[in-house]
$ cat data-v7.cif   # mmCIF, C-alpha atoms and all ligand atoms
data_my_file
loop_
_atom_site.label_atom_id
_atom_site.label_comp_id
_atom_site.auth_asym_id
_atom_site.auth_seq_id
_atom_site.Cartn_x
_atom_site.Cartn_y
_atom_site.Cartn_z
CA MET O 1 -49.33 -33.09 -34.56
CA LYS O 2 -46.54 -30.72 -33.75
CA LEU O 3 -43.22 -32.37 -34.46
CA PRO O 4 -40.48 -31.98 -31.87
CA ARG O 5 -37.63 -29.75 -32.93
CA ARG O 6 -35.14 -32.14 -31.52
CA GLN O 7 -35.14 -35.87 -31.33
CA ILE O 8 -32.89 -38.12 -29.35
CA LEU O 9 -32.39 -41.49 -30.91
CA VAL O 10 -31.14 -44.45 -29.01
CA GLY O 11 -29.09 -47.26 -30.39
CA ALA O 12 -26.30 -45.66 -32.38
CA ALA O 13 -23.16 -47.69 -31.94
CA LEU O 14 -19.92 -45.74 -32.16
CA GLY O 15 -17.08 -47.72 -33.63
CA LEU O 16 -14.29 -46.19 -31.59
CA ALA O 17 -16.08 -46.51 -28.28
CA GLY O 18 -18.02 -49.64 -29.08
CA ALA O 19 -20.88 -48.39 -26.95
CA ALA O 20 -24.52 -47.68 -27.69
CA LEU O 21 -25.01 -43.92 -27.77
CA PRO O 22 -27.91 -41.56 -28.27
CA LEU O 23 -27.94 -38.98 -31.02
CA VAL O 24 -29.05 -35.47 -30.28
CA ARG O 25 -30.09 -33.65 -33.39
CA PRO O 26 -29.44 -29.95 -33.12
CA LYS O 27 -31.93 -27.64 -34.72
CA GLY O 28 -30.86 -27.06 -38.29
CA ALA O 29 -28.92 -30.29 -38.55
CA ASN O 30 -29.36 -32.18 -41.77
CA ALA O 31 -29.00 -35.81 -42.64
CA ALA O 32 -25.22 -35.74 -42.27
CA GLY O 33 -24.99 -37.88 -39.21
CA THR O 34 -28.60 -37.67 -38.12
CA LYS O 35 -31.58 -39.84 -38.93
CA ALA O 36 -35.29 -39.62 -38.38
CA ALA O 37 -36.93 -41.35 -35.46
CA GLY O 38 -37.53 -45.02 -36.12
CA THR O 39 -34.43 -45.47 -38.27
CA ASN O 40 -32.79 -48.85 -37.96
CA ALA O 41 -30.06 -48.45 -35.35
CA ASN O 42 -27.62 -50.40 -37.51
CA SER O 43 -27.72 -47.72 -40.16
CA LEU O 44 -26.30 -45.27 -37.64
CA VAL O 45 -23.17 -47.28 -36.93
CA GLU O 46 -21.20 -45.71 -39.74
CA SER O 47 -21.93 -42.22 -38.56
CA LEU O 48 -19.31 -40.84 -36.18
CA GLN O 49 -20.63 -37.32 -36.19
CA VAL O 50 -23.80 -35.85 -34.76
CA CYS O 51 -23.91 -33.34 -37.60
CA THR O 52 -21.55 -31.34 -39.76
CA PRO O 53 -19.34 -28.64 -38.22
CA LYS O 54 -21.38 -26.04 -40.10
CA ASP O 55 -24.68 -27.33 -38.69
CA ALA O 56 -23.24 -27.38 -35.19
CA LEU O 57 -22.13 -23.76 -35.53
CA THR O 58 -25.57 -22.80 -36.80
CA ARG O 59 -27.18 -24.51 -33.82
CA LEU O 60 -24.92 -22.63 -31.38
CA ARG O 61 -25.67 -19.30 -33.03
CA GLU O 62 -29.40 -19.92 -33.02
CA GLY O 63 -29.32 -20.98 -29.39
CA ASN O 64 -27.36 -17.88 -28.38
CA ALA O 65 -29.72 -15.62 -30.33
CA ARG O 66 -32.61 -17.07 -28.35
CA PHE O 67 -30.72 -16.63 -25.10
CA ALA O 68 -29.68 -13.04 -25.89
CA LYS O 69 -33.24 -12.09 -26.76
CA ALA O 70 -34.54 -13.38 -23.43
CA TRP O 71 -31.52 -11.93 -21.59
CA THR O 72 -32.06 -8.48 -23.10
CA ALA O 73 -35.76 -8.61 -22.26
CA ALA O 74 -34.91 -9.53 -18.66
CA ARG O 75 -32.63 -6.50 -18.48
CA GLY O 76 -35.63 -4.32 -19.21
CA GLY O 77 -36.80 -4.68 -15.64
CA GLY O 78 -40.21 -5.97 -14.66
CA SER O 79 -41.16 -8.21 -11.81
CA PRO O 80 -39.28 -11.40 -10.95
CA GLU O 81 -42.21 -13.32 -12.43
CA GLN O 82 -41.92 -11.45 -15.74
CA ARG O 83 -38.18 -12.10 -15.90
CA MET O 84 -38.81 -15.74 -15.12
CA GLN O 85 -41.35 -16.06 -17.92
CA GLY O 86 -38.99 -14.46 -20.41
CA LEU O 87 -35.97 -16.51 -19.44
CA ASN O 88 -38.06 -19.69 -19.42
CA THR O 89 -38.35 -19.43 -23.20
CA ILE O 90 -34.69 -20.44 -23.41
CA TRP O 91 -35.52 -23.91 -22.24
CA ASP O 92 -38.40 -24.87 -24.51
CA ASN O 93 -36.35 -27.49 -26.35
CA ASN O 94 -34.93 -29.12 -23.30
CA CYS O 95 -38.16 -30.68 -22.13
CA GLN O 96 -37.74 -33.08 -25.07
CA ILE O 97 -34.57 -34.62 -23.68
CA ASP O 98 -34.91 -38.33 -23.06
CA PRO O 99 -33.20 -39.34 -19.81
CA VAL O 100 -33.30 -43.00 -20.88
CA ALA O 101 -31.29 -42.17 -24.00
CA LEU O 102 -28.78 -40.07 -22.09
CA ALA O 103 -28.26 -42.85 -19.58
CA GLN O 104 -26.82 -44.90 -22.45
CA GLY O 105 -24.24 -42.41 -23.64
CA GLN O 106 -23.47 -38.98 -25.05
CA ARG O 107 -23.13 -37.40 -28.49
CA PRO O 108 -22.51 -33.70 -27.81
CA PHE O 109 -22.73 -31.64 -30.99
CA ALA O 110 -20.20 -29.06 -29.77
CA ALA O 111 -17.40 -28.78 -27.23
CA ILE O 112 -16.83 -25.52 -25.39
CA LEU O 113 -13.58 -24.50 -23.69
CA SER O 114 -14.82 -21.69 -21.46
CA CYS O 115 -13.92 -19.74 -18.36
CA ALA O 116 -15.00 -21.01 -14.94
CA ASP O 117 -16.69 -17.64 -14.32
CA ALA O 118 -20.09 -18.25 -12.73
CA ARG O 119 -21.80 -16.06 -15.35
CA VAL O 120 -20.47 -18.02 -18.30
CA ASP O 121 -22.40 -21.27 -18.32
CA PRO O 122 -22.26 -22.58 -21.92
CA SER O 123 -25.50 -24.56 -21.66
CA TRP O 124 -27.30 -21.45 -20.47
CA LEU O 125 -25.97 -19.00 -23.04
CA PHE O 126 -26.32 -21.39 -25.98
CA ALA O 127 -29.77 -22.56 -24.79
CA CYS O 128 -28.69 -26.17 -24.70
CA GLY O 129 -29.73 -29.07 -22.54
CA SER O 130 -28.07 -32.04 -20.94
CA GLY O 131 -26.11 -34.13 -23.43
CA GLU O 132 -25.64 -31.40 -26.02
CA LEU O 133 -22.42 -29.62 -25.04
CA PHE O 134 -19.12 -31.14 -23.96
CA GLN O 135 -17.71 -28.58 -21.55
CA VAL O 136 -14.17 -27.93 -20.34
CA ARG O 137 -13.89 -25.01 -17.95
CA SER O 138 -11.16 -23.26 -16.00
CA ALA O 139 -10.42 -19.65 -15.11
CA GLY O 140 -9.28 -17.87 -18.27
CA ASN O 141 -10.34 -20.64 -20.72
CA THR O 142 -6.74 -21.64 -21.29
CA ALA O 143 -5.72 -24.69 -23.30
CA PHE O 144 -4.05 -26.59 -20.46
CA ASP O 145 -2.95 -30.18 -21.08
CA GLU O 146 -5.96 -31.84 -19.50
CA ALA O 147 -8.29 -29.52 -21.41
CA ILE O 148 -6.72 -30.50 -24.72
CA ALA O 149 -6.85 -34.18 -23.76
CA SER O 150 -10.53 -33.83 -22.86
CA LEU O 151 -11.24 -32.23 -26.23
CA GLU O 152 -9.34 -35.03 -27.97
CA TYR O 153 -11.75 -37.44 -26.32
CA ALA O 154 -14.77 -35.38 -27.41
CA VAL O 155 -13.59 -35.26 -31.01
CA ALA O 156 -12.01 -38.69 -31.48
CA VAL O 157 -14.38 -40.81 -29.40
CA LEU O 158 -17.64 -38.89 -29.29
CA GLY O 159 -17.39 -37.47 -32.81
CA THR O 160 -17.97 -33.87 -31.75
CA PRO O 161 -17.61 -31.73 -34.91
CA LEU O 162 -17.13 -28.28 -33.36
CA VAL O 163 -14.88 -26.83 -30.64
CA VAL O 164 -15.30 -23.24 -29.47
CA THR O 165 -12.86 -21.47 -27.15
CA LEU O 166 -14.95 -18.88 -25.36
CA GLY O 167 -13.67 -15.72 -23.73
CA HIS O 168 -16.01 -13.31 -21.96
CA SER O 169 -16.29 -9.69 -20.92
CA ALA O 170 -14.71 -8.64 -17.62
CA CYS O 171 -12.70 -11.86 -17.34
CA GLY O 172 -10.92 -11.78 -13.97
CA ALA O 173 -8.28 -14.27 -15.06
CA VAL O 174 -7.21 -12.08 -17.98
CA GLU O 175 -7.27 -9.04 -15.73
CA ALA O 176 -4.98 -10.87 -13.31
CA ALA O 177 -2.65 -11.82 -16.16
CA MET O 178 -2.42 -8.15 -17.22
CA ALA O 179 -1.76 -6.90 -13.68
CA SER O 180 1.43 -7.04 -11.68
CA THR O 181 -0.26 -8.05 -8.43
CA PRO O 182 1.58 -11.01 -6.84
CA LEU O 183 -0.22 -14.33 -7.29
CA THR O 184 0.11 -17.73 -5.69
CA PRO O 185 2.41 -20.18 -7.51
CA LEU O 186 -0.59 -22.10 -8.84
CA LEU O 187 -2.30 -18.94 -10.06
CA GLU O 188 0.96 -17.85 -11.72
CA GLY O 189 0.84 -21.13 -13.62
CA LEU O 190 -2.77 -20.51 -14.58
CA VAL O 191 -2.14 -17.04 -16.03
CA LYS O 192 1.12 -18.00 -17.77
CA PRO O 193 -0.56 -18.99 -21.08
CA ILE O 194 -2.77 -15.91 -20.89
CA ARG O 195 0.32 -13.72 -20.58
CA ALA O 196 1.79 -15.52 -23.58
CA SER O 197 -1.23 -14.38 -25.60
CA LEU O 198 -1.04 -10.71 -24.59
CA LYS O 199 0.02 -8.08 -27.07
CA SER O 200 1.52 -4.75 -26.14
CA GLY O 201 -1.11 -2.03 -25.92
CA ASP O 202 -4.08 -4.41 -25.65
CA ASN O 203 -7.00 -3.16 -23.62
CA LEU O 204 -8.94 -5.72 -21.55
CA THR O 205 -11.40 -6.64 -24.30
CA GLN O 206 -8.63 -7.04 -26.87
CA ALA O 207 -6.67 -9.16 -24.40
CA ILE O 208 -9.68 -11.39 -23.73
CA GLU O 209 -10.28 -11.86 -27.45
CA GLY O 210 -6.59 -12.49 -28.04
CA ASN O 211 -6.55 -15.09 -25.29
CA ALA O 212 -9.53 -16.93 -26.81
CA ARG O 213 -7.80 -16.94 -30.21
CA TYR O 214 -4.57 -18.11 -28.64
CA SER O 215 -6.35 -20.99 -26.87
CA ALA O 216 -7.94 -22.05 -30.16
CA ALA O 217 -4.55 -21.97 -31.92
CA GLN O 218 -3.00 -24.04 -29.15
CA LEU O 219 -5.41 -26.89 -29.76
CA THR O 220 -4.09 -27.78 -33.19
CA ALA O 221 -0.55 -26.72 -32.35
CA ARG O 222 -0.34 -29.20 -29.49
CA SER O 223 -2.72 -31.97 -30.47
CA ALA O 224 -2.11 -34.16 -33.51
CA VAL O 225 -5.59 -35.64 -33.04
CA LEU O 226 -7.31 -32.27 -33.28
CA LYS O 227 -5.07 -31.09 -36.10
CA GLN O 228 -5.82 -34.21 -38.10
CA ALA O 229 -9.57 -33.86 -37.50
CA VAL O 230 -9.46 -30.28 -38.78
CA SER O 231 -7.42 -31.33 -41.84
CA ALA O 232 -9.99 -34.05 -42.57
CA GLU O 233 -12.78 -31.45 -42.25
CA LYS O 234 -14.35 -33.48 -39.44
CA LEU O 235 -13.78 -30.65 -37.00
CA THR O 236 -14.04 -26.89 -36.95
CA ILE O 237 -12.35 -24.87 -34.20
CA ARG O 238 -13.51 -21.32 -33.55
CA SER O 239 -12.88 -18.72 -30.89
CA ALA O 240 -15.62 -16.48 -29.57
CA TYR O 241 -16.38 -13.66 -27.15
CA PHE O 242 -19.36 -13.58 -24.80
CA ASP O 243 -20.61 -10.17 -23.70
CA ILE O 244 -22.32 -10.66 -20.36
CA GLY O 245 -24.28 -7.43 -20.59
CA SER O 246 -26.00 -8.15 -23.90
CA GLY O 247 -25.92 -11.93 -23.74
CA LEU O 248 -24.43 -12.05 -27.23
CA VAL O 249 -21.66 -14.41 -28.30
CA THR O 250 -19.57 -13.08 -31.18
CA LEU O 251 -17.38 -15.36 -33.25
CA LEU O 252 -13.87 -14.02 -33.63
ZN ZN V 301 -13.16 -15.36 -17.02
#
$ encode --input "data-v7.cif" --output "structure tokens"
Amino acid sequence: MKLPRRQILVGAALGLAGAALPLVRPKGANAAGTKAAGTNANSLVESLQVCTPKDALTRLREGNARFAKAWTAARGGGSPEQRMQGLNTIWDNNCQIDPVALAQGQRPFAAILSCADARVDPSWLFACGSGELFQVRSAGNTAFDEAIASLEYAVAVLGTPLVVTLGHSACGAVEAAMASTPLTPLLEGLVKPIRASLKSGDNLTQAIEGNARYSAAQLTARSAVLKQAVSAEKLTIRSAYFDIGSGLVTLL
């Protein structure tokens, strides 16, 4: 019998939340925080992490490689049906998601702080399904207060071991931050942290990458919870760049 590549286990109790939660085992995850199907639920109580930060990063990279392969193939033309068949391969894991388990809680293996750009859907470009990624999104993927607070919840309560701040090619928010075009007061507030990340002489790509790095640095600079989790090696924070044309995410 073909074994599923991912299993969702119900019944893990998380000490901080006190609620029964499912575990989603990312491909490549080892026994650090994951158990085989049928494991006594009580044995999962002590585990606050879905997997190690390293395993979570591996899972993201594998998912993006699968996405980029299908994305590149779709760029090659062909009929809508051919593109559909190619892009459908991204979702082969997601048919194994158990809605009953997800109704009981969440254990996302990674949190993504990404732009609100319609082309930058983290679940899509990391080939993930419901329950796998904790997502915080706003134009320019800036580390605004509510974003940091949301990530504190993901890390401290849900045990998420990896946070990625994700910039992307042709980011309109970064372009707006680099331009002198008048903005509304609210938009001025939105681009303020992006402008703080800009370096003299940056081109757009460099500015986007710099902004993603800056957002990542802000997380530990402004959150004692996240800083402590990193110090304890419970959390890894990385910045990354998504190239819309190729579909590839590059870690910075
Ligand atoms: Zn953007």
$ atom_distance --input "data-v7.cif" --atom1 "CA of Ala177 (chain O)" --atom2 "CA of Ile244 (chain O)"
20.1 Å
$ closest_residue --input "data-v7.cif" --among "O:Thr220, O:Asn141, O:Thr160, O:Gln135" --to "Val174 (chain O)" --atoms "only C-alpha atoms"
O:Asn141
$ residues_around --input "data-v7.cif" --residues "Gly140 (chain O)" --least-positions-apart "5" --cutoff "9 Å" --atoms "only C-alpha atoms" --output "list of chain:residue names"
O:Ser114, O:Cys115, O:Ala116, O:Asp117, O:Gly167, O:His168, O:Cys171, O:Gly172, O:Ala173, O:Val174, O:Leu190, O:Val191, O:Ile194, O:Ile208, O:Asn211, O:Ala212
$ atom_distance --input "data-v7.cif" --atom1 "CA of Glu175 (chain O)" --atom2 "CA of Gln206 (chain O)"
11.4 Å
$ atom_distance --input "data-v7.cif" --atom1 "CA of Thr181 (chain O)" --atom2 "CA of Thr142 (chain O)"
19.8 Å
$ residues_around --input "data-v7.cif" --residues "Trp124 (chain O)" --least-positions-apart "2" --cutoff "9 Å" --atoms "all atoms listed in the file" --output "PyMOL selection string"
chain O and resi 64+67+90-91+120-122+126-129
$ closest_residue --input "data-v7.cif" --among "O:Ala176, O:Leu125, O:Leu102, O:Ile97" --to "ligand ZN 301 (chain V)" --atoms "all atoms listed in the file"
O:Ala176
$ closest_residue --input "data-v7.cif" --among "O:Val155, O:Leu60, O:Ala118, O:Ala103" --to "Ser223 (chain O)" --atoms "all atoms listed in the file"
O:Val155
$ residues_around --input "data-v7.cif" --residues "Ala154 (chain O)" --least-positions-apart "6" --cutoff "9 Å" --atoms "all atoms listed in the file" --output "list in words"
Arg107, Pro108, Ala110, Ala111, Phe134, Thr160 and Pro161 of chain O
$ residues_around --input "data-v7.cif" --residues "Glu152 (chain O)" --least-positions-apart "4" --cutoff "12 Å" --atoms "all atoms listed in the file" --output "list in words"
Ala111, Phe134, Val136, Ala143, Asp145, Glu146, Ala147, Ile148, Ala156, Val157, Leu158, Gly159, Thr160, Pro161, Leu162, Val163, Leu219, Thr220, Arg222, Ser223, Ala224, Val225, Leu226, Lys227, Gln228, Ala229, Val230 and Leu235 of chain O
$ closest_residue --input "data-v7.cif" --among "O:Tyr153, O:Phe109, O:Phe144, O:Phe242" --to "ligand ZN 301 (chain V)" --atoms "only C-alpha atoms and all ligand atoms"
O:Phe242
$ closest_residue --input "data-v7.cif" --among "O:Tyr214, O:Leu166, O:Gly63, O:Thr250" --to "Ser123 (chain O)" --atoms "all atoms listed in the file"
O:Gly63
$ closest_residue --input "data-v7.cif" --among "O:Thr165, O:Lys199, O:Ala139, O:Ser239" --to "ligand ZN 301 (chain V)" --atoms "only C-alpha atoms and all ligand atoms"
O:Ala139
$ build_atoms --input "data-v7.cif" --residues "region 130-148 of chain O" --atoms "N, CA, C and O atoms" --output "CSV table (one decimal), in the coordinates of the input"
chain,number,residue,atom,x,y,z
O,130,SER,N,-29.0,-31.0,-21.3
O,130,SER,CA,-28.1,-32.0,-20.9
O,130,SER,C,-27.8,-32.9,-22.2
O,130,SER,O,-28.6,-33.2,-22.9
O,131,GLY,N,-26.5,-33.2,-22.3
O,131,GLY,CA,-26.1,-34.1,-23.4
O,131,GLY,C,-25.7,-33.4,-24.7
O,131,GLY,O,-25.3,-34.1,-25.7
O,132,GLU,N,-25.9,-32.1,-24.8
O,132,GLU,CA,-25.6,-31.4,-26.0
O,132,GLU,C,-24.3,-30.8,-26.1
O,132,GLU,O,-23.7,-30.6,-27.2
O,133,LEU,N,-23.7,-30.3,-25.0
O,133,LEU,CA,-22.4,-29.6,-25.0
O,133,LEU,C,-21.4,-30.3,-24.2
O,133,LEU,O,-21.7,-30.6,-23.0
O,134,PHE,N,-20.2,-30.6,-24.7
O,134,PHE,CA,-19.1,-31.1,-24.0
O,134,PHE,C,-18.4,-29.9,-23.4
O,134,PHE,O,-17.9,-29.1,-24.2
O,135,GLN,N,-18.2,-29.8,-22.1
O,135,GLN,CA,-17.7,-28.6,-21.6
O,135,GLN,C,-16.4,-28.8,-20.8
O,135,GLN,O,-16.3,-29.7,-20.0
O,136,VAL,N,-15.4,-28.0,-21.1
O,136,VAL,CA,-14.2,-27.9,-20.3
O,136,VAL,C,-14.0,-26.5,-19.8
O,136,VAL,O,-14.1,-25.6,-20.6
O,137,ARG,N,-13.9,-26.4,-18.5
O,137,ARG,CA,-13.9,-25.0,-18.0
O,137,ARG,C,-12.8,-24.8,-16.9
O,137,ARG,O,-12.5,-25.7,-16.1
O,138,SER,N,-12.1,-23.7,-17.0
O,138,SER,CA,-11.2,-23.3,-16.0
O,138,SER,C,-11.0,-21.8,-16.1
O,138,SER,O,-11.3,-21.2,-17.2
O,139,ALA,N,-10.6,-21.1,-15.1
O,139,ALA,CA,-10.4,-19.6,-15.1
O,139,ALA,C,-9.5,-19.2,-16.3
O,139,ALA,O,-8.4,-19.7,-16.4
O,140,GLY,N,-10.1,-18.4,-17.1
O,140,GLY,CA,-9.3,-17.9,-18.3
O,140,GLY,C,-9.3,-18.7,-19.5
O,140,GLY,O,-8.7,-18.4,-20.5
O,141,ASN,N,-10.2,-19.8,-19.5
O,141,ASN,CA,-10.3,-20.6,-20.7
O,141,ASN,C,-9.0,-20.9,-21.5
O,141,ASN,O,-8.9,-20.8,-22.7
O,142,THR,N,-8.0,-21.3,-20.7
O,142,THR,CA,-6.7,-21.6,-21.3
O,142,THR,C,-6.7,-23.1,-21.8
O,142,THR,O,-7.4,-24.0,-21.2
O,143,ALA,N,-5.8,-23.3,-22.7
O,143,ALA,CA,-5.7,-24.7,-23.3
O,143,ALA,C,-4.7,-25.5,-22.5
O,143,ALA,O,-3.6,-25.7,-23.0
O,144,PHE,N,-5.0,-25.8,-21.3
O,144,PHE,CA,-4.0,-26.6,-20.5
O,144,PHE,C,-4.1,-28.1,-20.9
O,144,PHE,O,-5.0,-28.5,-21.7
O,145,ASP,N,-3.1,-28.8,-20.5
O,145,ASP,CA,-3.0,-30.2,-21.1
O,145,ASP,C,-4.2,-31.0,-20.9
O,145,ASP,O,-4.6,-31.7,-21.9
O,146,GLU,N,-4.8,-31.0,-19.7
O,146,GLU,CA,-6.0,-31.8,-19.5
O,146,GLU,C,-7.2,-31.4,-20.3
O,146,GLU,O,-8.0,-32.2,-20.7
O,147,ALA,N,-7.2,-30.1,-20.6
O,147,ALA,CA,-8.3,-29.5,-21.4
O,147,ALA,C,-8.2,-30.1,-22.8
O,147,ALA,O,-9.1,-30.5,-23.5
O,148,ILE,N,-6.9,-30.0,-23.4
O,148,ILE,CA,-6.7,-30.5,-24.7
O,148,ILE,C,-7.0,-32.0,-24.8
O,148,ILE,O,-7.7,-32.5,-25.7
